[in-house]
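Here's the structure, in structure tokens; my notes come after.
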Amino acid sequence: MVYQVARGVKIPVIGIGGIRTAEDALEFLIAGARAIEIGTANFLDPAAAIKIIDGLEAFCRRKRIQRLQSVVGSLKC
């Protein structure tokens, strides 16, 4: 749904719901979310946000991505 909404509006979309890992966060960002919210995962693991940030940084290093912003909306259907 993020993909459809991000393509249909001219305001930033925030990805919310079910984000527990860096992979989850990347899915939302690639679909077009400009930001993500980490909610319930913080209750299950107080370090969830840090782990997700670390995972995003590792992904960017592996893929030689200079700015995470460059993956936002990169999904091609």
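Here's how to read the names in the structure tokens: chain A, B, ... by the order shown, residue numbers from 1 in each chain, ligand numbers from 1 in the order shown.
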
Backbone DSSP call of helix (DSSP H, G or I) for chain A, listed as a PyMOL selection string: chain A and resi 2-8+22-31+41-44+48-63+68-71

Keeping only N, CA and C atoms, write the selected residues as a tab-separated table (two decimals), in the first residue's frame.
```tsv
chain	number	residue	atom	x	y	z
A	2	VAL	N	2.02	1.21	0.65
A	2	VAL	CA	2.91	2.38	0.67
A	2	VAL	C	3.26	2.80	-0.75
A	3	TYR	N	3.52	1.85	-1.60
A	3	TYR	CA	3.88	2.15	-2.99
A	3	TYR	C	2.77	2.95	-3.67
A	4	GLN	N	1.53	2.50	-3.55
A	4	GLN	CA	0.42	3.19	-4.20
A	4	GLN	C	0.21	4.58	-3.62
A	5	VAL	N	0.28	4.69	-2.30
A	5	VAL	CA	0.06	5.99	-1.66
A	5	VAL	C	1.18	6.96	-2.03
A	6	ALA	N	2.42	6.51	-1.94
A	6	ALA	CA	3.56	7.39	-2.23
A	6	ALA	C	3.51	7.91	-3.66
A	7	ARG	N	3.01	7.11	-4.58
A	7	ARG	CA	2.89	7.54	-5.97
A	7	ARG	C	1.69	8.45	-6.19
A	8	GLY	N	0.70	8.38	-5.28
A	8	GLY	CA	-0.54	9.11	-5.48
A	8	GLY	C	-0.66	10.44	-4.76
A	22	ALA	N	15.86	-4.31	9.94
A	22	ALA	CA	16.33	-3.42	8.88
A	22	ALA	C	15.69	-3.80	7.54
A	23	GLU	N	15.47	-5.08	7.32
A	23	GLU	CA	14.84	-5.53	6.09
A	23	GLU	C	13.41	-4.99	5.98
A	24	ASP	N	12.69	-5.01	7.09
A	24	ASP	CA	11.34	-4.44	7.10
A	24	ASP	C	11.39	-2.96	6.75
A	25	ALA	N	12.32	-2.25	7.37
A	25	ALA	CA	12.46	-0.81	7.13
A	25	ALA	C	12.80	-0.56	5.66
A	26	LEU	N	13.70	-1.34	5.10
A	26	LEU	CA	14.08	-1.18	3.70
A	26	LEU	C	12.90	-1.39	2.77
A	27	GLU	N	12.05	-2.37	3.07
A	27	GLU	CA	10.88	-2.60	2.24
A	27	GLU	C	10.00	-1.36	2.16
A	28	PHE	N	9.77	-0.72	3.30
A	28	PHE	CA	8.96	0.49	3.32
A	28	PHE	C	9.64	1.62	2.55
A	29	LEU	N	10.94	1.79	2.76
A	29	LEU	CA	11.68	2.87	2.09
A	29	LEU	C	11.72	2.65	0.59
A	30	ILE	N	12.01	1.44	0.16
A	30	ILE	CA	12.06	1.14	-1.27
A	30	ILE	C	10.69	1.35	-1.91
A	31	ALA	N	9.63	1.07	-1.16
A	31	ALA	CA	8.27	1.26	-1.68
A	31	ALA	C	7.89	2.74	-1.77
A	41	ALA	N	7.96	-2.80	18.27
A	41	ALA	CA	9.27	-3.46	18.36
A	41	ALA	C	10.08	-2.90	19.53
A	42	ASN	N	9.89	-1.63	19.86
A	42	ASN	CA	10.61	-1.02	20.98
A	42	ASN	C	10.21	-1.63	22.32
A	43	PHE	N	8.97	-2.10	22.42
A	43	PHE	CA	8.52	-2.73	23.66
A	43	PHE	C	9.12	-4.13	23.79
A	44	LEU	N	9.24	-4.80	22.66
A	44	LEU	CA	9.80	-6.15	22.66
A	44	LEU	C	11.31	-6.14	22.84
A	48	ALA	N	15.74	-2.02	19.57
A	48	ALA	CA	15.27	-2.28	18.21
A	48	ALA	C	15.68	-1.17	17.24
A	49	ALA	N	15.48	0.06	17.62
A	49	ALA	CA	15.80	1.18	16.72
A	49	ALA	C	17.29	1.20	16.38
A	50	ILE	N	18.12	0.98	17.36
A	50	ILE	CA	19.57	0.97	17.12
A	50	ILE	C	19.95	-0.18	16.19
A	51	LYS	N	19.37	-1.35	16.43
A	51	LYS	CA	19.64	-2.50	15.57
A	51	LYS	C	19.20	-2.24	14.12
A	52	ILE	N	18.07	-1.59	13.97
A	52	ILE	CA	17.57	-1.28	12.62
A	52	ILE	C	18.50	-0.28	11.94
A	53	ILE	N	18.90	0.74	12.65
A	53	ILE	CA	19.83	1.73	12.08
A	53	ILE	C	21.15	1.05	11.69
A	54	ASP	N	21.67	0.21	12.56
A	54	ASP	CA	22.91	-0.51	12.26
A	54	ASP	C	22.73	-1.39	11.01
A	55	GLY	N	21.58	-2.03	10.90
A	55	GLY	CA	21.30	-2.87	9.73
A	55	GLY	C	21.20	-2.05	8.46
A	56	LEU	N	20.60	-0.88	8.54
A	56	LEU	CA	20.50	0.00	7.37
A	56	LEU	C	21.90	0.48	6.95
A	57	GLU	N	22.73	0.82	7.93
A	57	GLU	CA	24.10	1.24	7.62
A	57	GLU	C	24.88	0.10	6.96
A	58	ALA	N	24.72	-1.11	7.47
A	58	ALA	CA	25.42	-2.26	6.90
A	58	ALA	C	24.96	-2.51	5.47
A	59	PHE	N	23.67	-2.39	5.22
A	59	PHE	CA	23.14	-2.56	3.87
A	59	PHE	C	23.75	-1.54	2.93
A	60	CYS	N	23.79	-0.30	3.36
A	60	CYS	CA	24.35	0.77	2.52
A	60	CYS	C	25.84	0.52	2.23
A	61	ARG	N	26.56	0.06	3.22
A	61	ARG	CA	27.98	-0.26	2.99
A	61	ARG	C	28.13	-1.39	1.98
A	62	ARG	N	27.35	-2.46	2.16
A	62	ARG	CA	27.44	-3.61	1.24
A	62	ARG	C	27.12	-3.22	-0.20
A	63	LYS	N	26.12	-2.37	-0.35
A	63	LYS	CA	25.67	-1.97	-1.69
A	63	LYS	C	26.36	-0.71	-2.20
A	68	LEU	N	21.10	6.89	2.13
A	68	LEU	CA	19.93	6.02	2.21
A	68	LEU	C	18.77	6.61	1.41
A	69	GLN	N	18.71	7.91	1.32
A	69	GLN	CA	17.65	8.59	0.58
A	69	GLN	C	17.56	8.07	-0.86
A	70	SER	N	18.66	7.59	-1.41
A	70	SER	CA	18.65	7.15	-2.80
A	70	SER	C	17.84	5.87	-3.01
A	71	VAL	N	17.53	5.13	-1.95
A	71	VAL	CA	16.70	3.94	-2.10
A	71	VAL	C	15.21	4.24	-2.00
```

Strand (DSSP E) residues, from DSSP on the backbone, in region 12-71 of chain A, as a PyMOL selection string: chain A and resi 14-16+35-37

Output file for the selection above: N, CA, C and O atoms, as a PDB file, in the first residue's frame:
```
ATOM      1  N   ILE A  14       4.924   8.212   5.582  1.00  0.00           N
ATOM      2  CA  ILE A  14       5.650   7.568   6.666  1.00  0.00           C
ATOM      3  C   ILE A  14       5.186   6.116   6.748  1.00  0.00           C
ATOM      4  O   ILE A  14       3.987   5.854   6.834  1.00  0.00           O
ATOM      5  N   GLY A  15       6.133   5.195   6.702  1.00  0.00           N
ATOM      6  CA  GLY A  15       5.815   3.776   6.796  1.00  0.00           C
ATOM      7  C   GLY A  15       5.622   3.363   8.239  1.00  0.00           C
ATOM      8  O   GLY A  15       6.493   3.595   9.072  1.00  0.00           O
ATOM      9  N   ILE A  16       4.480   2.762   8.516  1.00  0.00           N
ATOM     10  CA  ILE A  16       4.124   2.377   9.884  1.00  0.00           C
ATOM     11  C   ILE A  16       3.536   0.969   9.860  1.00  0.00           C
ATOM     12  O   ILE A  16       2.716   0.654   9.010  1.00  0.00           O
ATOM     13  N   ALA A  35      10.061   8.119   5.592  1.00  0.00           N
ATOM     14  CA  ALA A  35      10.448   7.883   6.984  1.00  0.00           C
ATOM     15  C   ALA A  35       9.713   6.634   7.436  1.00  0.00           C
ATOM     16  O   ALA A  35       8.756   6.197   6.795  1.00  0.00           O
ATOM     17  N   ILE A  36      10.172   6.070   8.542  1.00  0.00           N
ATOM     18  CA  ILE A  36       9.489   4.916   9.113  1.00  0.00           C
ATOM     19  C   ILE A  36       9.287   5.135  10.599  1.00  0.00           C
ATOM     20  O   ILE A  36       9.998   5.926  11.220  1.00  0.00           O
ATOM     21  N   GLU A  37       8.307   4.434  11.140  1.00  0.00           N
ATOM     22  CA  GLU A  37       8.056   4.475  12.582  1.00  0.00           C
ATOM     23  C   GLU A  37       8.321   3.085  13.147  1.00  0.00           C
ATOM     24  O   GLU A  37       7.865   2.088  12.595  1.00  0.00           O
TER      25      GLU A  37
END
```

From A:Val13, A:Ala33, A:Ala47, A:Ile19, residue lying nearest Ser74 (chain A) [only C-alpha atoms]: A:Ala33

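The residue that comes closest to Leu75 (chain A), out of A:Gly32, A:Pro46, A:Pro12, A:Ile38 and on the basis of only C-alpha atoms, is A:Gly32.
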
Atomic distance CA of Arg34 (chain A) - CA of Val72 (chain A), expressed in Å with one decimal: 6.3 Å
